[in-house]
Amino acid sequence: MSDYAQIPMRFVGPLRVSGPVLEGDHEVPLATYETPLWPSVNRGARVSMNCEGGIQCAVIDDRMTRSVLFEAPDAVAALRALQSIKADSPTLEKVVEGTSRFAKLININSQIAANLLFVRFEFTTGDASGHNMCTQAAEALMNHILAEHPELKYGSISGNYCSDKKATAVNGILGRGKYVVAELTIPEKICRRYLKTTPAKVVQLNIRKNLIGTLLAGGSRSANAHFANMLLGFYLATGQDAANIVEGSQGFTIAEERDGDLYFSVTLPNLIMGTVGNGKGLDFVLENMERMGLTEPREPGENSKRLACLCAAQVLCGELSLLAAQTNPGELMDAHRRIERGQ
């Protein structure tokens, strides 16, 4: 019996990226059973190579969180304890620094429900995605707070206000992971040549499908066609915790017609990923990271931001290609019949 699951993997691209974090042409790996995904993302990548500047990527924010739960005698006691905890932030920062070379406490958020106190600690974690780093820091913080506040009792090391691997609103509002925006302006002639559609058709479909359709379905902070497809393939190929595509796929596709051209953008507020840590020591992951140029020594956090930019860029490519296909009757199913079934 094998110790590994066999998942087909290919590099797609190159795709062209620009921005403060990353410049140049890059290939990215995708591990998936959905074989039409490779040519679909490749089509979007080919479009990016024919657009001035390619896909511009910006990392808006970068933080990792762990929310802990305390039980207080009552709401008043919970409030007083919370006020004291926030006032003691310099001490808490030192507690965190004692748990890791890279973990830094940058913010504290909270909620009180009855006598329950939920404290959401926010950290930077260098090039690691930071799951274990944040949990270890949160545990040390809990121990410190319980020692300082005997009126509080331990509730849980994770109170679900984090929020990890669940479709919630809090991550997009307060931040968890890397918040990345990727955008591309596609000339009308390139749109027709490579995508077999027009800017106007893509814009209309995005409004009707991604915005109105998702609203009718009751989507939570999400308006996209299939971010999860590209995210899962990229996460598996780069040694990430694949369950984080739950919150990672909560993002938005924006399409506008500008002077006859197509402006196309994807916003991913919750990309939880890193270039070091658990899963990154596997041979195929190391090879993929090296091929993407992410094994070179850089300032802490820089490689993981580059990784997030490449991830967002290939999400844009796949999203663009699928929406273009769906503007044409029969194109989507025809592609699956040809590629998956050989018909």
# chains A, B, ... in the order shown; residues from 1 in each chain; ligands from 1
call {"tool": "closest_atom_pairs", "arguments": {"of": "stretch 171-274 of chain A", "to": "stretch 113-125 of chain A", "cutoff": "10 Å", "atoms": "only C-alpha atoms", "output": "CSV"}}
result
residue,atom,partner,partner_atom,distance
A:Leu174,CA,A:Glu122,CA,9.3
A:Gly175,CA,A:Glu122,CA,8.6
A:Arg176,CA,A:Glu122,CA,8.1
A:Gly177,CA,A:Thr124,CA,9.2
A:Gly274,CA,A:Thr125,CA,9.2
call {"tool": "write_last_selection", "arguments": {"atoms": "N, CA and C atoms", "output": "PDB file, in the first residue's frame"}}
result
ATOM      1  N   LEU A 174     -11.748  41.428   8.843  1.00  0.00           N
ATOM      2  CA  LEU A 174     -10.620  41.743   9.720  1.00  0.00           C
ATOM      3  C   LEU A 174      -9.289  41.246   9.171  1.00  0.00           C
ATOM      4  N   GLY A 175      -9.318  40.267   8.284  1.00  0.00           N
ATOM      5  CA  GLY A 175      -8.101  39.771   7.670  1.00  0.00           C
ATOM      6  C   GLY A 175      -7.617  38.481   8.282  1.00  0.00           C
ATOM      7  N   ARG A 176      -7.321  37.509   7.415  1.00  0.00           N
ATOM      8  CA  ARG A 176      -6.668  36.263   7.831  1.00  0.00           C
ATOM      9  C   ARG A 176      -5.976  35.674   6.617  1.00  0.00           C
ATOM     10  N   GLY A 177      -4.668  35.604   6.639  1.00  0.00           N
ATOM     11  CA  GLY A 177      -3.912  35.181   5.479  1.00  0.00           C
ATOM     12  C   GLY A 177      -3.467  36.383   4.669  1.00  0.00           C
ATOM     13  N   GLY A 274       2.217  29.460   2.650  1.00  0.00           N
ATOM     14  CA  GLY A 274       3.578  29.816   2.979  1.00  0.00           C
ATOM     15  C   GLY A 274       4.561  29.018   2.152  1.00  0.00           C
TER      16      GLY A 274
END
call {"tool": "residues_around", "arguments": {"residues": "A:Gly318", "least_positions_apart": "5", "cutoff": "8 Å", "atoms": "only C-alpha atoms", "output": "list of chain:residue names"}}
result
A:Leu37, A:Ser40, A:Val41, A:Asn42, A:Arg43, A:Gly44, A:Phe227, A:Met230
call {"tool": "closest_residue", "arguments": {"among": "A:Gln240, A:Gly98, A:Lys189, A:Arg337", "to": "A:Asn278", "atoms": "only C-alpha atoms"}}
result
A:Gln240
call {"tool": "residues_around", "arguments": {"residues": "A:Arg80", "least_positions_apart": "5", "cutoff": "12 Å", "atoms": "only C-alpha atoms", "output": "ChimeraX atom specification"}}
result
/A:72-75,85-87,112,115,117,149,151-152
call {"tool": "write_last_selection", "arguments": {"atoms": "N, CA and C atoms", "output": "PDB file, in the first residue's frame"}}
result
ATOM      1  N   ALA A  72     -15.912  33.824  31.697  1.00  0.00           N
ATOM      2  CA  ALA A  72     -15.900  34.775  32.805  1.00  0.00           C
ATOM      3  C   ALA A  72     -17.124  34.540  33.682  1.00  0.00           C
ATOM      4  N   PRO A  73     -17.135  35.079  34.915  1.00  0.00           N
ATOM      5  CA  PRO A  73     -18.317  34.915  35.772  1.00  0.00           C
ATOM      6  C   PRO A  73     -19.567  35.528  35.154  1.00  0.00           C
ATOM      7  N   ASP A  74     -19.384  36.665  34.472  1.00  0.00           N
ATOM      8  CA  ASP A  74     -20.506  37.353  33.837  1.00  0.00           C
ATOM      9  C   ASP A  74     -19.946  38.311  32.793  1.00  0.00           C
ATOM     10  N   ALA A  75     -20.834  39.009  32.083  1.00  0.00           N
ATOM     11  CA  ALA A  75     -20.411  39.895  31.001  1.00  0.00           C
ATOM     12  C   ALA A  75     -19.586  41.072  31.502  1.00  0.00           C
ATOM     13  N   ILE A  85      -6.660  43.271  29.225  1.00  0.00           N
ATOM     14  CA  ILE A  85      -5.852  42.535  28.253  1.00  0.00           C
ATOM     15  C   ILE A  85      -5.337  43.476  27.170  1.00  0.00           C
ATOM     16  N   LYS A  86      -6.208  44.312  26.642  1.00  0.00           N
ATOM     17  CA  LYS A  86      -5.802  45.230  25.574  1.00  0.00           C
ATOM     18  C   LYS A  86      -4.815  46.275  26.082  1.00  0.00           C
ATOM     19  N   ALA A  87      -4.971  46.699  27.319  1.00  0.00           N
ATOM     20  CA  ALA A  87      -4.043  47.676  27.891  1.00  0.00           C
ATOM     21  C   ALA A  87      -2.665  47.073  28.123  1.00  0.00           C
ATOM     22  N   ILE A 112     -17.831  39.555  22.910  1.00  0.00           N
ATOM     23  CA  ILE A 112     -18.357  39.038  24.170  1.00  0.00           C
ATOM     24  C   ILE A 112     -19.784  38.564  23.924  1.00  0.00           C
ATOM     25  N   ASN A 115     -21.414  35.467  29.082  1.00  0.00           N
ATOM     26  CA  ASN A 115     -20.213  35.535  29.917  1.00  0.00           C
ATOM     27  C   ASN A 115     -18.983  34.969  29.207  1.00  0.00           C
ATOM     28  N   LEU A 117     -15.872  35.240  26.590  1.00  0.00           N
ATOM     29  CA  LEU A 117     -14.969  36.227  26.013  1.00  0.00           C
ATOM     30  C   LEU A 117     -14.138  35.575  24.909  1.00  0.00           C
ATOM     31  N   HIS A 149      -5.428  36.911  35.392  1.00  0.00           N
ATOM     32  CA  HIS A 149      -6.874  37.099  35.619  1.00  0.00           C
ATOM     33  C   HIS A 149      -7.469  35.799  36.161  1.00  0.00           C
ATOM     34  N   GLU A 151     -10.069  35.315  37.633  1.00  0.00           N
ATOM     35  CA  GLU A 151     -11.522  35.255  37.477  1.00  0.00           C
ATOM     36  C   GLU A 151     -11.935  34.573  36.174  1.00  0.00           C
ATOM     37  N   LEU A 152     -10.991  34.443  35.240  1.00  0.00           N
ATOM     38  CA  LEU A 152     -11.276  33.793  33.964  1.00  0.00           C
ATOM     39  C   LEU A 152     -10.949  32.310  34.029  1.00  0.00           C
TER      40      LEU A 152
END
call {"tool": "closest_residue", "arguments": {"among": "A:Gly251, A:Pro20, A:Pro297, A:Gly54", "to": "A:Leu231", "atoms": "only C-alpha atoms"}}
result
A:Gly251
call {"tool": "select_by_dssp", "arguments": {"residues": "stretch 139-322 of chain A", "states": "alpha helix (DSSP H)", "output": "PyMOL selection string"}}
result
chain A and resi 139-148+170-174+188-195+199-205+214-217+227-237+245-248+283-291+302-322
